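To keep things clear, I will list the structure first and then write my remarks on it.
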There are 2 protein chains.
Amino acid sequence: VPELRRDPLLNRWVILAEERADRPISRVRPGRSATPADCPFCPGNERETLPEIDALRDAGSEADAPGWRIRVVPNKYPALRPDPGPAPSGIDLFARRPGFGHHEVIIEGEAHTLSVTELAPDRLREAFRVYRERFRALSRITGLESAVLIKNVGLAAGASIEHSHSQLIATPVAPPSLETELRITREWSERTGRCLTCAILAAERSARERIVWRGENLVAVCPWAPRFAYETWILPARCESRFEATADRTLDELAEAASRVLGAIETRLEHPPYNYVIHSAPFRFDSRATYHWRLAIMPLITQAAGYEQSTGLYINPVTPERAARDLRAALA
Amino acid sequence: VPELRRDPLLNRWVILAEERADRPISRVRPGRSATPADCPFCPGNERETLPEIDALRDAGSEADAPGWRIRVVPNKYPALRPDPGPAPSGIDLFARRPGFGHHEVIIEGEAHTLSVTELAPDRLREAFRVYRERFRALSRITGLESAVLIKNVGLAAGASIEHSHSQLIATPVAPPSLETELRITREWSERTGRCLTCAILAAERSARERIVWRGENLVAVCPWAPRFAYETWILPARCESRFEATADRTLDELAEAASRVLGAIETRLEHPPYNYVIHSAPFRFDSRATYHWRLAIMPLITQAAGYEQSTGLYINPVTPERAARDLRAALA
């Protein structure tokens with residue numbers, strides 16, 4: 001049974017999940033598999049996953065059988081469990097709580113594709129709608145506070161299965177980095193009466209040099225202090241705190257922006273491993289407070305090593321001004 | 001010229017260091033090189049590094065020529081520079097400061113070894129003394145506040161060169177994780193009048209189950225909430241805040257403990273990539289305050305992926321109780 005524990009010296013929670021130790025770690029090959037017969041996410045192999053939670057399916061097709069376009073299943077090696085059993089009691093320095101949460105997998109297409117840039121435009125639009133629906137569904141579950149969607153592409157980025165998929169992890173607490181963001185955002189609002197992200201985006205529009213792409217509702221920007229080379233954020237130009245409340249039209253724009261920016265990154269960096277992550281306000285976020293959800297894209301061309309992980313101070317060899325210039329050129 | 005920048009939303013500094021982009025990333029092969037003729041850290045190739053800062057040498061041998069046992073050189077692709085030029089001026093949201101600091105490399109032996117467990121015991125003892133001397137030397141430089149020593153072993157752990165070496169990075173500010181630790185430690189001391197780490201170690205001695213090894217002055221323990229499988233800390237049993245003030249006798253014990261614990265990890269996990277890191281109090285730390293320096297060993301058997309890096313919440317598939325039991329068995 002998974003467990004959350006807090007380090008007494010660093011005040012940092014970790015998830016201990018022994019079941020994760022059993023998951024396959026060698027399924028991702030350097031090249032593409034010509035015969036994906038052994039891929040647990042390909043049509044025909046539905047029995048290799050746990051029973052599906054949701055799917056977009058052809059009329060008349062059956063659950064856990066072919067005929068789907070997008071499929072949502074529970075993670076077979078979950079970091080957290082919907083029913084973690086009774087709470088173990090923490091003593092003084094050694095705080096712990098049950099590893100309660102939901103851990104889902106969203107398979108973004110029936111074809112054995114590696115990157116979302118290979119998906120047909122309509123399939124990618126459907127994928128972002130399924131992301132939103134799953135955020136909505138999890139937001140209604142008692143005890144869950146927050147969810148993060150993560151995509152790992154490539155072994156170096158943490159993918160254990162090749163076939164394009166994302167993971168959605170919902171927790172009973174907001175993760176540490178979101179806590180920090182919300183505190184800073186709140187302090188800024190109290191001081192200025194404005195939204196911090198709106199102020200940042202206004203400054204970016206004046207500076208121009210870190211903006212990669214602008215749409216009707218969204219903007220893609222290389223942030224001022226990126227931890228990773230070519231890190232790019234796609235976010236609403238105006239305040240929109242909760243991803244699950246995003247309008248269809250904005251979601252379609254997000255699918256297009258993600259595909260174009262990732263395409264530019266793949267052109268410029270020769271198909272690097274990458275992660276993308278959707279950050280959103282907590283489910284029961286005060287709607288008067290200000291926040292922008294975002295899709296953060298992090299290509300992996302450098303290796304975060306001992307220093308970064310031990311100090312929290314990341315070393316990035318590419319300035320965001322250079323990254324944005326390169327990506328604008330690749331987009332043009 | 002490198003630069004430090006702070007993210008306005010996450011309040012997180014990063015180091016932008018474009019010169020790091022040029023460093024070799026393919027020098028580490030899966031197996032050992034039979035002919036290390038192209039190794040820049042082997043004797044005979046001293047001209048491939050920058051001129052040495054310090055070395056342990058045979059009597060009569062010359063700087064930057066063979067005859068050394070341990071050698072300290074500036075990093076050829078530094079994250080920070082001793083003279084970063086004039087301070088760029090940050091404007092409102094976009095804070096920046098010069099990338100001032102020192103970035104050294106300590107080559108721990110003349111032989112082309114990969115892991116410190118292959119070093120002769122006397123060479124390893126010498127290495128830890130050189131670590132201490134470099135902490136001391138950097139602590140005397142105006143404007144430097146703090147140093148961290150990091151070793152990366154194996155490509156997956158971030159090593160760009162195979163030959164056993166460590167990096168020492170000294171910064172004008174304490175890194176974020178050290179800031180957090182010191183704040184928590186100070187708050188605890190103010191509340192209880194005691195040292196937090198002493199209290200943790202007392203609780204660990206009562207619990208017994210996470211202790212791996214105990215010496216005269218040091219203890220090796222798998223921490224309560226480890227981020228990495230088999231993560232192990234070696235630290236003084238009594239308050240000792242600054243690594244540069246460590247006594248010879250304790251340093252010798254540290255060399256022995258590190259070698260034995262790493263040997264147990266290599267036996268148990270079949271020679272995994274690993275990092276080790278020496279955390280120490282800031283150079284001008286209030287000596288009445290309490291802190292324990294530590295050597296943190298982090299084997300890499302799982303891959304920290306998008307989720308961990310984006311949320312700060314790490315998923316670890318091995319409990320510290322199981323890790324400590326395994327390591328005690330391997331040591332016995």
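By order of appearance in the structure tokens: chains A, B, ..., then residues from 1 within every chain, and ligands from 1 in the order shown.
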
Handout entry: Expected answer as an MDAnalysis selection string: helix (DSSP H, G or I) residues in region 34-250 of chain A
Key = chainID A and resid 36:38 46:48 116:118 121:139 155:157 176:192 196:207 243:245 248:250

Exercise for the section: Compile the residues of chain B that lie within 6 Å of chain A, evaluated using only C-alpha atoms, and express the compilation as a PyMOL selection string. Expected result: chain B and resi 5-7+9-10+14-18+20-21+157-158+175-177+181+225+275+303+305-306+311-318

Fill in the blank from the handout: Separating CA of Glu145 (chain A) from CA of Glu126 (chain A), to the nearest tenth of an Å, is a gap of 25.2 Å

Practice task
Would you list the contacts of Cys198 (chain B) as a PyMOL selection string, taking every protein, DNA or RNA residue within 12 Å and counting only C-alpha atoms, but skipping same-chain residues closer than 2 positions in sequence?
Solution key: (chain A and resi 8-9+93) or (chain B and resi 185+188-189+192-196+200-205+219+235-241+290-293)

Please save C-alpha atoms of the selected residues as a CSV table (one decimal), in the first residue's frame.
```
chain,number,residue,atom,x,y,z
A,8,PRO,CA,11.6,16.1,8.9
A,9,LEU,CA,14.7,18.1,7.9
A,93,LEU,CA,9.3,13.8,13.6
B,185,THR,CA,16.4,23.6,11.6
B,188,TRP,CA,13.0,23.7,15.5
B,189,SER,CA,15.9,24.9,17.7
B,192,THR,CA,12.8,23.1,21.5
B,193,GLY,CA,16.3,24.4,22.3
B,194,ARG,CA,17.8,21.3,20.6
B,195,CYS,CA,19.3,20.3,17.3
B,196,LEU,CA,16.8,18.9,14.8
B,200,ILE,CA,16.3,12.7,14.2
B,201,LEU,CA,19.3,10.6,14.8
B,202,ALA,CA,18.1,9.8,18.3
B,203,ALA,CA,14.8,8.7,16.9
B,204,GLU,CA,16.6,6.6,14.3
B,205,ARG,CA,18.7,4.9,16.9
B,219,VAL,CA,26.3,7.1,11.1
B,235,LEU,CA,26.6,12.2,8.7
B,236,PRO,CA,28.2,13.1,12.0
B,237,ALA,CA,26.4,11.6,15.0
B,238,ARG,CA,27.0,14.8,16.9
B,239,CYS,CA,26.6,18.4,15.7
B,240,GLU,CA,29.2,19.4,13.1
B,241,SER,CA,27.9,22.0,10.8
B,290,THR,CA,22.9,23.7,14.8
B,291,TYR,CA,23.4,21.7,11.6
B,292,HIS,CA,25.1,18.5,10.5
B,293,TRP,CA,27.0,18.3,7.2
```

Handout entry: Spatial neighbours of Thr171 (chain A), 10 Å, only C-alpha atoms, chain gap at least 6 places, as a list in words
Key =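 The contact residues come out as Leu80, Arg81, Pro82, Gly99, Phe100, Gly101, His102, His103, Leu138, Gly143, Leu144, Glu145, Ser146, Ala147, Val148 and Pro282 of chain A.
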
Handout entry: Atom-to-atom span, CA of Val261 (chain B) and CA of Arg210 (chain B), Å
Key = 13.4 Å

Practice task
Could you please determine the separation between CA of Val105 (chain A) and CA of Lys76 (chain A) in Å, to one decimal place?
Solution key: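 So the answer is 8.9 Å.
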
Handout entry: Contact residues around Pro272 (chain A) with only C-alpha atoms at 7 Å, ignoring same-chain residues under 6 positions, as a ChimeraX atom specification
Key = /A:266,299-301

Dump as a short mmCIF file (atom, residue, chain, number, x, y, z; two decimals), in the first residue's frame, selection limited to C-alpha atoms:
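Output file result.cif follows:
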```
data_model
loop_
_atom_site.label_atom_id
_atom_site.label_comp_id
_atom_site.auth_asym_id
_atom_site.auth_seq_id
_atom_site.Cartn_x
_atom_site.Cartn_y
_atom_site.Cartn_z
CA GLU A 266 11.49 18.23 -32.94
CA PRO A 299 12.67 18.88 -24.03
CA LEU A 300 15.51 16.83 -22.57
CA ILE A 301 18.77 17.79 -24.21
#
```

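Non-sequential neighbours of Arg260 (chain B) (distance at most 12 Å, separation of 6 or more positions within a chain, only C-alpha atoms) are Val116, Thr117, Glu118, Pro121, Leu124, Val212, Trp213, Arg214, Gly215, Ala220, Thr232, Ile234, Glu253, Leu254, Glu266, Thr267, Ile297, Leu327, Arg328, Ala330, Leu331 and Ala332 of chain B.
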
Problem - DSSP strand (DSSP E or B) residues within region 3-239 of chain B, listed as JSON, numbers by chain - result: {"B": [3, 4, 5, 6, 13, 14, 15, 16, 54, 55, 56, 57, 68, 69, 70, 71, 72, 73, 74, 81, 91, 94, 95, 96, 97, 98, 100, 102, 103, 104, 105, 106, 107, 146, 147, 148, 149, 150, 151, 152, 153, 165, 166, 167, 168, 169, 170, 171, 211, 212, 213, 214, 218, 219, 220, 221, 232, 233, 234, 235, 236]}

What's around Arg132 (chain A) at 12 Å? Count only C-alpha atoms, leave out sequence neighbours fewer than 2 positions away in its own chain, and write the answer as a short mmCIF file (atom, residue, chain, number, x, y, z; two decimals) with C-alpha atoms, in the first residue's frame.
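Written file, selection-v9.cif:
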```cif
data_model
loop_
_atom_site.label_atom_id
_atom_site.label_comp_id
_atom_site.auth_asym_id
_atom_site.auth_seq_id
_atom_site.Cartn_x
_atom_site.Cartn_y
_atom_site.Cartn_z
CA ILE A 106 -4.70 8.17 -21.24
CA ARG A 125 -8.04 17.65 -30.40
CA GLU A 126 -9.97 14.69 -29.00
CA ALA A 127 -7.05 13.88 -26.68
CA PHE A 128 -7.12 17.35 -25.12
CA ARG A 129 -10.88 17.03 -24.63
CA VAL A 130 -10.38 13.71 -22.88
CA ARG A 134 -10.72 13.36 -16.77
CA PHE A 135 -9.75 16.50 -14.82
CA ARG A 136 -13.50 17.15 -14.44
CA ALA A 137 -14.25 13.61 -13.31
CA LEU A 138 -11.45 13.59 -10.74
CA SER A 139 -12.43 17.05 -9.47
CA ALA A 147 -4.38 16.85 -10.48
CA VAL A 148 -1.37 17.04 -12.78
CA LEU A 149 -1.20 15.55 -16.29
CA LEU A 168 -3.01 11.87 -14.79
CA ARG A 242 -8.80 25.67 -13.88
CA PHE A 243 -7.99 23.48 -16.87
CA GLU A 244 -11.22 21.52 -16.41
CA ALA A 245 -13.23 24.68 -17.17
CA THR A 246 -11.49 25.40 -20.48
CA ALA A 247 -13.81 26.14 -23.42
CA ASP A 248 -13.81 23.85 -26.48
CA THR A 250 -9.47 27.22 -26.40
CA LEU A 251 -8.81 23.49 -26.17
CA ASP A 252 -8.71 23.22 -29.95
CA LEU A 254 -4.18 24.32 -27.38
CA ILE A 278 -0.52 20.43 -17.46
CA SER A 280 -3.93 23.70 -13.05
CA TRP A 293 -3.33 26.92 -16.02
#
```

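Considering only C-alpha atoms, the residue among B:Ala111, B:Asp54, B:Ala207, B:Glu62 positioned nearest to Phe41 (chain B) is B:Ala111.
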